[in-house]
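What's in coords-v3.cif: mmCIF, C-alpha atoms, pLDDT in the B column; chains and numbers go by the auth columns
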data_run
loop_
_atom_site.group_PDB
_atom_site.id
_atom_site.type_symbol
_atom_site.label_atom_id
_atom_site.label_comp_id
_atom_site.label_asym_id
_atom_site.label_seq_id
_atom_site.Cartn_x
_atom_site.Cartn_y
_atom_site.Cartn_z
_atom_site.B_iso_or_equiv
_atom_site.auth_seq_id
_atom_site.auth_asym_id
ATOM 1 C CA PRO A 1 -15.626 12.771 -33.428 82.00 151 A
ATOM 2 C CA LEU A 2 -14.078 12.666 -29.969 86.00 152 A
ATOM 3 C CA TYR A 3 -16.523 12.503 -27.064 86.00 153 A
ATOM 4 C CA VAL A 4 -15.132 13.572 -23.709 88.00 154 A
ATOM 5 C CA MET A 5 -16.973 12.524 -20.566 86.00 155 A
ATOM 6 C CA HIS A 6 -17.429 15.425 -18.168 88.00 156 A
ATOM 7 C CA VAL A 7 -16.747 15.029 -14.449 88.00 157 A
ATOM 8 C CA HIS A 8 -19.842 13.513 -12.858 89.00 158 A
ATOM 9 C CA HIS A 9 -21.112 14.345 -9.379 89.00 159 A
ATOM 10 C CA LEU A 10 -18.771 13.405 -6.540 89.00 160 A
ATOM 11 C CA TYR A 11 -19.821 12.495 -3.003 89.00 161 A
ATOM 12 C CA PRO A 12 -17.021 12.974 -0.457 89.00 162 A
ATOM 13 C CA SER A 13 -19.390 11.942 2.342 90.00 163 A
ATOM 14 C CA GLN A 14 -19.382 8.446 0.822 90.00 164 A
ATOM 15 C CA CYS A 15 -15.592 8.030 1.132 89.00 165 A
ATOM 16 C CA LYS A 16 -15.322 5.158 3.601 88.00 166 A
ATOM 17 C CA LEU A 17 -12.443 3.693 5.558 88.00 167 A
ATOM 18 C CA GLN A 18 -11.499 0.378 3.943 85.00 168 A
ATOM 19 C CA HIS A 19 -8.571 -0.539 6.203 87.00 169 A
ATOM 20 C CA ASP A 20 -8.146 0.851 9.722 91.00 170 A
ATOM 21 C CA THR A 21 -4.497 1.702 9.223 94.00 171 A
ATOM 22 C CA GLU A 22 -2.602 4.964 8.919 94.00 172 A
ATOM 23 C CA ARG A 23 -2.563 4.534 5.143 92.00 173 A
ATOM 24 C CA GLY A 24 -6.306 3.809 5.113 90.00 174 A
ATOM 25 C CA ARG A 25 -7.088 6.901 7.197 93.00 175 A
ATOM 26 C CA LYS A 26 -4.913 9.053 4.903 92.00 176 A
ATOM 27 C CA SER A 27 -6.726 7.598 1.899 90.00 177 A
ATOM 28 C CA VAL A 28 -10.149 8.558 3.287 92.00 178 A
ATOM 29 C CA LYS A 29 -8.939 12.052 4.141 92.00 179 A
ATOM 30 C CA LYS A 30 -7.554 12.492 0.616 90.00 180 A
ATOM 31 C CA CYS A 31 -10.760 11.103 -0.921 89.00 181 A
ATOM 32 C CA ARG A 32 -12.850 13.628 1.016 91.00 182 A
ATOM 33 C CA ARG A 33 -10.544 16.562 0.214 89.00 183 A
ATOM 34 C CA CYS A 34 -10.084 15.791 -3.475 85.00 184 A
ATOM 35 C CA ASN A 35 -13.756 15.103 -4.102 86.00 185 A
ATOM 36 C CA ALA A 36 -15.180 18.057 -2.173 89.00 186 A
ATOM 37 C CA GLU A 37 -17.631 20.241 -4.049 89.00 187 A
ATOM 38 C CA ASP A 38 -15.098 23.027 -4.676 88.00 188 A
ATOM 39 C CA ALA A 39 -12.655 20.478 -6.133 87.00 189 A
ATOM 40 C CA MET A 40 -15.374 18.931 -8.294 88.00 190 A
ATOM 41 C CA LEU A 41 -16.413 22.341 -9.612 89.00 191 A
ATOM 42 C CA ALA A 42 -12.772 23.289 -10.297 88.00 192 A
ATOM 43 C CA PHE A 43 -12.244 20.055 -12.259 88.00 193 A
ATOM 44 C CA ARG A 44 -15.467 20.622 -14.215 89.00 194 A
ATOM 45 C CA GLU A 45 -14.518 24.223 -15.020 90.00 195 A
ATOM 46 C CA ALA A 46 -11.019 23.216 -16.135 89.00 196 A
ATOM 47 C CA LEU A 47 -12.397 20.493 -18.416 90.00 197 A
ATOM 48 C CA GLU A 48 -14.995 22.842 -19.923 90.00 198 A
ATOM 49 C CA SER A 49 -12.291 25.454 -20.514 89.00 199 A
ATOM 50 C CA ALA A 50 -10.031 22.883 -22.165 90.00 200 A
ATOM 51 C CA ILE A 51 -12.797 21.686 -24.514 89.00 201 A
ATOM 52 C CA ILE A 52 -13.673 25.261 -25.478 88.00 202 A
ATOM 53 C CA CYS A 53 -9.999 26.026 -26.158 90.00 203 A
ATOM 54 C CA VAL A 54 -9.679 22.925 -28.337 90.00 204 A
ATOM 55 C CA LYS A 55 -12.820 23.836 -30.270 87.00 205 A
ATOM 56 C CA THR A 56 -11.622 27.410 -30.847 87.00 206 A
ATOM 57 C CA SER A 57 -8.414 25.961 -32.254 89.00 207 A
ATOM 58 C CA GLY A 58 -10.422 24.421 -35.079 89.00 208 A
ATOM 59 C CA PHE A 59 -11.158 20.966 -33.711 87.00 209 A
ATOM 60 C CA ASP A 60 -14.932 21.163 -33.924 82.00 210 A
ATOM 61 C CA ASN A 61 -15.342 17.389 -33.750 85.00 211 A
ATOM 62 C CA VAL A 62 -14.629 17.338 -29.978 86.00 212 A
ATOM 63 C CA HIS A 63 -17.756 17.135 -27.829 85.00 213 A
ATOM 64 C CA LEU A 64 -18.281 17.279 -24.068 87.00 214 A
ATOM 65 C CA VAL A 65 -20.867 14.819 -22.735 87.00 215 A
ATOM 66 C CA ASP A 66 -22.194 15.718 -19.291 87.00 216 A
ATOM 67 C CA THR A 67 -23.692 13.009 -17.071 87.00 217 A
ATOM 68 C CA PHE A 68 -23.991 15.310 -14.054 88.00 218 A
ATOM 69 C CA GLY A 69 -27.784 15.014 -14.003 87.00 219 A
ATOM 70 C CA ILE A 70 -27.655 11.219 -13.904 88.00 220 A
ATOM 71 C CA THR A 71 -25.310 11.278 -10.917 90.00 221 A
ATOM 72 C CA SER A 72 -26.899 14.167 -8.973 89.00 222 A
ATOM 73 C CA ASN A 73 -29.606 12.418 -6.990 89.00 223 A
ATOM 74 C CA SER A 74 -30.073 10.525 -3.744 91.00 224 A
ATOM 75 C CA PHE A 75 -30.038 7.114 -5.454 92.00 225 A
ATOM 76 C CA ALA A 76 -26.651 7.796 -7.070 91.00 226 A
ATOM 77 C CA GLU A 77 -25.305 9.115 -3.781 91.00 227 A
ATOM 78 C CA ARG A 78 -26.332 5.919 -1.942 91.00 228 A
ATOM 79 C CA VAL A 79 -24.533 3.690 -4.467 93.00 229 A
ATOM 80 C CA SER A 80 -21.366 5.817 -4.669 91.00 230 A
ATOM 81 C CA ASP A 81 -18.022 5.229 -2.987 88.00 231 A
ATOM 82 C CA GLY A 82 -17.323 8.957 -3.297 85.00 232 A
ATOM 83 C CA VAL A 83 -16.049 8.806 -6.875 85.00 233 A
ATOM 84 C CA HIS A 84 -17.441 5.685 -8.541 87.00 234 A
ATOM 85 C CA PHE A 85 -20.973 4.336 -8.843 90.00 235 A
ATOM 86 C CA ASP A 86 -22.592 0.939 -9.038 92.00 236 A
ATOM 87 C CA GLY A 87 -23.472 -0.733 -12.337 91.00 237 A
ATOM 88 C CA VAL A 88 -26.934 0.835 -12.613 93.00 238 A
ATOM 89 C CA VAL A 89 -25.688 4.434 -12.526 92.00 239 A
ATOM 90 C CA THR A 90 -22.613 3.619 -14.615 91.00 240 A
ATOM 91 C CA ARG A 91 -24.813 2.017 -17.289 92.00 241 A
ATOM 92 C CA GLY A 92 -26.907 5.195 -17.324 90.00 242 A
ATOM 93 C CA GLU A 93 -23.768 7.237 -17.963 90.00 243 A
ATOM 94 C CA VAL A 94 -22.642 4.853 -20.706 90.00 244 A
ATOM 95 C CA ASN A 95 -26.092 4.947 -22.331 89.00 245 A
ATOM 96 C CA LEU A 96 -25.932 8.743 -22.434 86.00 246 A
ATOM 97 C CA LEU A 97 -22.488 8.588 -24.034 85.00 247 A
ATOM 98 C CA LEU A 98 -23.682 6.058 -26.619 87.00 248 A
ATOM 99 C CA ALA A 99 -26.755 8.189 -27.369 84.00 249 A
ATOM 100 C CA ALA A 100 -24.521 11.225 -27.871 81.00 250 A
ATOM 101 C CA ALA A 101 -22.313 9.310 -30.277 81.00 251 A
ATOM 102 C CA GLY A 102 -25.111 7.478 -32.085 79.00 252 A
ATOM 103 C CA ARG A 103 -27.682 10.224 -32.326 70.00 253 A
ATOM 104 C CA GLY A 104 -25.465 13.252 -32.709 66.00 254 A
ATOM 105 C CA MET A 105 -26.348 14.833 -29.363 58.00 255 A
ATOM 106 C CA ARG A 106 -23.897 17.530 -28.328 52.00 256 A
ATOM 107 C CA HIS A 107 -23.037 19.248 -25.069 48.00 257 A
ATOM 108 C CA VAL A 108 -20.402 21.946 -25.148 46.00 258 A
ATOM 109 C CA GLY A 109 -20.631 23.741 -21.837 48.00 259 A
ATOM 110 C CA ARG A 110 -22.367 26.872 -20.693 48.00 260 A
ATOM 111 C CA ASP A 111 -22.988 28.399 -24.117 50.00 261 A
ATOM 112 C CA ASN A 112 -22.196 28.031 -27.774 51.00 262 A
ATOM 113 C CA ASN A 113 -19.970 31.112 -27.970 53.00 263 A
ATOM 114 C CA PHE A 114 -16.680 29.287 -28.343 48.00 264 A
ATOM 115 C CA THR A 115 -14.208 31.685 -26.810 50.00 265 A
ATOM 116 C CA CYS A 116 -11.170 30.458 -24.960 51.00 266 A
ATOM 117 C CA PRO A 117 -11.227 31.883 -21.411 48.00 267 A
ATOM 118 C CA LEU A 118 -8.467 34.393 -20.756 50.00 268 A
ATOM 119 C CA ASN A 119 -7.597 32.757 -17.435 48.00 269 A
ATOM 120 C CA PRO A 120 -8.787 29.154 -17.431 48.00 270 A
ATOM 121 C CA ALA A 121 -8.689 27.474 -14.011 48.00 271 A
ATOM 122 C CA PHE A 122 -6.265 24.717 -15.019 45.00 272 A
ATOM 123 C CA GLU A 123 -4.166 25.222 -11.899 50.00 273 A
ATOM 124 C CA ALA A 124 -6.999 24.708 -9.395 49.00 274 A
ATOM 125 C CA SER A 125 -6.591 20.940 -9.185 46.00 275 A
ATOM 126 C CA ARG A 126 -2.842 21.265 -8.669 50.00 276 A
ATOM 127 C CA GLU A 127 -3.436 23.667 -5.778 56.00 277 A
ATOM 128 C CA LEU A 128 -5.719 21.064 -4.183 53.00 278 A
ATOM 129 C CA ASN A 129 -2.854 18.521 -4.360 55.00 279 A
ATOM 130 C CA CYS A 130 -5.100 15.894 -5.933 54.00 280 A
ATOM 131 C CA PRO A 131 -3.123 13.822 -8.434 52.00 281 A
ATOM 132 C CA LEU A 132 -5.022 11.806 -11.015 48.00 282 A
ATOM 133 C CA ARG A 133 -4.014 8.485 -9.435 45.00 283 A
#
Any chance you could put this one into structure tokens?
Amino acid sequence: PLYVMHVHHLYPSQCKLQHDTERGRKSVKKCRRCNAEDAMLAFREALESAIICVKTSGFDNVHLVDTFGITSNSFAERVSDGVHFDGVVTRGEVNLLLAAAGRGMRHVGRDNNFTCPLNPAFEASRELNCPLR
């Protein structure tokens, strides 16, 4: 099986200026824009659509593991840099992934009717100008 980690909660308010330089200020602005709620939801929707499309193509051993609940709380927000979390929250995410793999837990998205969306939102992240690096 292939287990794909879903996009966890993002906190653009936690994007902090590391270096008070032009590059540092641009980095914070990009962090806030690319991790805004609409961007996060677009990334989540695109990933869900991709997994559903893969499953409808006959690859039923691909599973989406969603740690959104673990990262959607005030504790996680306090220990986030906007995108990443401290070791406590990250270990919680890893434990969920290991439980999914070891105990056969599955998460596939909104429903179990595996139909590939006619117009998946794959282009949304490109429109936000948020490269993966």
Result set of the PyMOL selection byres ((chain A and resi 159) around 8) on the coordinates above, as a PyMOL selection string: chain A and resi 157-158+160-161+190+218+221-222+233
Can you tell me, as a ChimeraX atom specification, which residues sit within 12 Å of (-24.3, 9.2, -13.2) in the file's frame, using all atoms listed in the file? /A:155-161,215-230,233-247
Store the residues picked out above in a file with C-alpha atoms, as a compact mmCIF listing (two decimals), in the frame of the given file.
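This went into selection.txt:
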# COMPACT_ATOMS: atom_id res chain seq x y z
CA MET A 155 -16.97 12.52 -20.57
CA HIS A 156 -17.43 15.42 -18.17
CA VAL A 157 -16.75 15.03 -14.45
CA HIS A 158 -19.84 13.51 -12.86
CA HIS A 159 -21.11 14.34 -9.38
CA LEU A 160 -18.77 13.40 -6.54
CA TYR A 161 -19.82 12.50 -3.00
CA VAL A 215 -20.87 14.82 -22.74
CA ASP A 216 -22.19 15.72 -19.29
CA THR A 217 -23.69 13.01 -17.07
CA PHE A 218 -23.99 15.31 -14.05
CA GLY A 219 -27.78 15.01 -14.00
CA ILE A 220 -27.66 11.22 -13.90
CA THR A 221 -25.31 11.28 -10.92
CA SER A 222 -26.90 14.17 -8.97
CA ASN A 223 -29.61 12.42 -6.99
CA SER A 224 -30.07 10.52 -3.74
CA PHE A 225 -30.04 7.11 -5.45
CA ALA A 226 -26.65 7.80 -7.07
CA GLU A 227 -25.30 9.12 -3.78
CA ARG A 228 -26.33 5.92 -1.94
CA VAL A 229 -24.53 3.69 -4.47
CA SER A 230 -21.37 5.82 -4.67
CA VAL A 233 -16.05 8.81 -6.88
CA HIS A 234 -17.44 5.68 -8.54
CA PHE A 235 -20.97 4.34 -8.84
CA ASP A 236 -22.59 0.94 -9.04
CA GLY A 237 -23.47 -0.73 -12.34
CA VAL A 238 -26.93 0.84 -12.61
CA VAL A 239 -25.69 4.43 -12.53
CA THR A 240 -22.61 3.62 -14.62
CA ARG A 241 -24.81 2.02 -17.29
CA GLY A 242 -26.91 5.20 -17.32
CA GLU A 243 -23.77 7.24 -17.96
CA VAL A 244 -22.64 4.85 -20.71
CA ASN A 245 -26.09 4.95 -22.33
CA LEU A 246 -25.93 8.74 -22.43
CA LEU A 247 -22.49 8.59 -24.03
Which residues match the PyMOL selection byres ((chain A and resi 151) around 6) in the file above, as a CSV table (one decimal) with C-alpha atoms, in the coordinates of the input?
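So the final result, stored in selection15.csv, reads:
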chain,number,residue,atom,x,y,z
A,152,LEU,CA,-14.1,12.7,-30.0
A,211,ASN,CA,-15.3,17.4,-33.8
A,212,VAL,CA,-14.6,17.3,-30.0
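Going from CA of Leu214 (chain A) to CA of Leu248 (chain A) covers 12.7 Å.
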Selection in question (the file shown): the PyMOL selection byres ((chain A and resi 178) around 12). Which residues does it include, as JSON, numbers by chain? {"A": [162, 163, 164, 165, 166, 167, 168, 169, 170, 171, 172, 173, 174, 175, 176, 177, 179, 180, 181, 182, 183, 184, 185, 231, 232, 233]}
For CA of Ala196 (chain A) and CA of Tyr153 (chain A), determine how far apart the two atoms are, in Å to one decimal place. 16.3 Å
All file atoms of region 163-177 of chain A boxed axis-aligned, 4 Å per side, centre plus edges, as lines of an AutoDock Vina configuration file:
center_x = -11.0
center_y = 5.7
center_z = 5.3
size_x = 24.8
size_y = 20.5
size_z = 16.9
Just how far from CA of Ile201 (chain A) is CA of His213 (chain A), in Å to one decimal? 7.5 Å
Residue completion, region 202-226 of chain A, N, CA, C and O atoms, as an mmCIF file, in the frame of the given file:
data_model
loop_
_atom_site.group_PDB
_atom_site.id
_atom_site.type_symbol
_atom_site.label_atom_id
_atom_site.label_comp_id
_atom_site.auth_asym_id
_atom_site.auth_seq_id
_atom_site.Cartn_x
_atom_site.Cartn_y
_atom_site.Cartn_z
ATOM 1 N N ILE A 202 -13.417 24.031 -24.725
ATOM 2 C CA ILE A 202 -13.673 25.261 -25.478
ATOM 3 C C ILE A 202 -12.410 25.721 -26.194
ATOM 4 O O ILE A 202 -12.450 26.120 -27.362
ATOM 5 N N CYS A 203 -11.263 25.626 -25.523
ATOM 6 C CA CYS A 203 -9.999 26.026 -26.158
ATOM 7 C C CYS A 203 -9.688 25.138 -27.355
ATOM 8 O O CYS A 203 -9.230 25.634 -28.394
ATOM 9 N N VAL A 204 -9.926 23.848 -27.225
ATOM 10 C CA VAL A 204 -9.679 22.925 -28.337
ATOM 11 C C VAL A 204 -10.598 23.259 -29.510
ATOM 12 O O VAL A 204 -10.169 23.305 -30.663
ATOM 13 N N LYS A 205 -11.863 23.528 -29.207
ATOM 14 C CA LYS A 205 -12.820 23.836 -30.270
ATOM 15 C C LYS A 205 -12.467 25.152 -30.967
ATOM 16 O O LYS A 205 -12.608 25.247 -32.184
ATOM 17 N N THR A 206 -11.991 26.139 -30.214
ATOM 18 C CA THR A 206 -11.622 27.410 -30.847
ATOM 19 C C THR A 206 -10.352 27.281 -31.668
ATOM 20 O O THR A 206 -10.063 28.146 -32.491
ATOM 21 N N SER A 207 -9.624 26.209 -31.466
ATOM 22 C CA SER A 207 -8.414 25.961 -32.254
ATOM 23 C C SER A 207 -8.732 25.237 -33.557
ATOM 24 O O SER A 207 -7.830 24.861 -34.292
ATOM 25 N N GLY A 208 -10.019 25.024 -33.818
ATOM 26 C CA GLY A 208 -10.422 24.421 -35.079
ATOM 27 C C GLY A 208 -10.820 22.961 -35.018
ATOM 28 O O GLY A 208 -11.189 22.373 -36.025
ATOM 29 N N PHE A 209 -10.772 22.364 -33.850
ATOM 30 C CA PHE A 209 -11.158 20.966 -33.711
ATOM 31 C C PHE A 209 -12.627 20.894 -33.293
ATOM 32 O O PHE A 209 -12.944 20.652 -32.134
ATOM 33 N N ASP A 210 -13.511 21.106 -34.250
ATOM 34 C CA ASP A 210 -14.932 21.163 -33.924
ATOM 35 C C ASP A 210 -15.574 19.785 -33.801
ATOM 36 O O ASP A 210 -16.773 19.676 -33.584
ATOM 37 N N ASN A 211 -14.792 18.733 -33.904
ATOM 38 C CA ASN A 211 -15.342 17.389 -33.750
ATOM 39 C C ASN A 211 -15.128 16.844 -32.335
ATOM 40 O O ASN A 211 -15.278 15.658 -32.086
ATOM 41 N N VAL A 212 -14.787 17.719 -31.376
ATOM 42 C CA VAL A 212 -14.629 17.338 -29.978
ATOM 43 C C VAL A 212 -15.880 17.782 -29.232
ATOM 44 O O VAL A 212 -16.291 18.937 -29.336
ATOM 45 N N HIS A 213 -16.484 16.853 -28.496
ATOM 46 C CA HIS A 213 -17.756 17.135 -27.829
ATOM 47 C C HIS A 213 -17.702 16.711 -26.369
ATOM 48 O O HIS A 213 -17.213 15.633 -26.048
ATOM 49 N N LEU A 214 -18.229 17.551 -25.496
ATOM 50 C CA LEU A 214 -18.281 17.279 -24.068
ATOM 51 C C LEU A 214 -19.640 16.681 -23.736
ATOM 52 O O LEU A 214 -20.679 17.271 -24.024
ATOM 53 N N VAL A 215 -19.638 15.504 -23.133
ATOM 54 C CA VAL A 215 -20.867 14.819 -22.735
ATOM 55 C C VAL A 215 -20.969 14.885 -21.216
ATOM 56 O O VAL A 215 -20.076 14.420 -20.506
ATOM 57 N N ASP A 216 -22.047 15.467 -20.721
ATOM 58 C CA ASP A 216 -22.194 15.718 -19.291
ATOM 59 C C ASP A 216 -23.234 14.786 -18.668
ATOM 60 O O ASP A 216 -24.409 14.869 -18.989
ATOM 61 N N THR A 217 -22.783 13.935 -17.754
ATOM 62 C CA THR A 217 -23.692 13.009 -17.071
ATOM 63 C C THR A 217 -24.022 13.498 -15.661
ATOM 64 O O THR A 217 -24.490 12.723 -14.832
ATOM 65 N N PHE A 218 -23.790 14.762 -15.400
ATOM 66 C CA PHE A 218 -23.991 15.310 -14.054
ATOM 67 C C PHE A 218 -25.413 15.063 -13.548
ATOM 68 O O PHE A 218 -25.606 14.707 -12.396
ATOM 69 N N GLY A 219 -26.395 15.226 -14.417
ATOM 70 C CA GLY A 219 -27.784 15.014 -14.003
ATOM 71 C C GLY A 219 -28.074 13.584 -13.583
ATOM 72 O O GLY A 219 -28.843 13.346 -12.653
ATOM 73 N N ILE A 220 -27.452 12.630 -14.234
ATOM 74 C CA ILE A 220 -27.655 11.219 -13.904
ATOM 75 C C ILE A 220 -27.064 10.884 -12.540
ATOM 76 O O ILE A 220 -27.562 10.020 -11.831
ATOM 77 N N THR A 221 -26.008 11.599 -12.163
ATOM 78 C CA THR A 221 -25.310 11.278 -10.917
ATOM 79 C C THR A 221 -25.649 12.234 -9.780
ATOM 80 O O THR A 221 -25.089 12.104 -8.689
ATOM 81 N N SER A 222 -26.547 13.177 -10.002
ATOM 82 C CA SER A 222 -26.899 14.167 -8.973
ATOM 83 C C SER A 222 -28.266 13.867 -8.378
ATOM 84 O O SER A 222 -29.239 14.593 -8.600
ATOM 85 N N ASN A 223 -28.348 12.783 -7.637
ATOM 86 C CA ASN A 223 -29.606 12.418 -6.990
ATOM 87 C C ASN A 223 -29.315 11.496 -5.815
ATOM 88 O O ASN A 223 -28.214 10.967 -5.677
ATOM 89 N N SER A 224 -30.298 11.306 -4.965
ATOM 90 C CA SER A 224 -30.073 10.525 -3.744
ATOM 91 C C SER A 224 -29.773 9.059 -4.037
ATOM 92 O O SER A 224 -29.014 8.425 -3.308
ATOM 93 N N PHE A 225 -30.345 8.499 -5.114
ATOM 94 C CA PHE A 225 -30.038 7.114 -5.454
ATOM 95 C C PHE A 225 -28.556 6.975 -5.804
ATOM 96 O O PHE A 225 -27.856 6.099 -5.283
ATOM 97 N N ALA A 226 -28.062 7.851 -6.672
ATOM 98 C CA ALA A 226 -26.651 7.796 -7.070
ATOM 99 C C ALA A 226 -25.742 7.992 -5.864
ATOM 100 O O ALA A 226 -24.718 7.313 -5.736
#
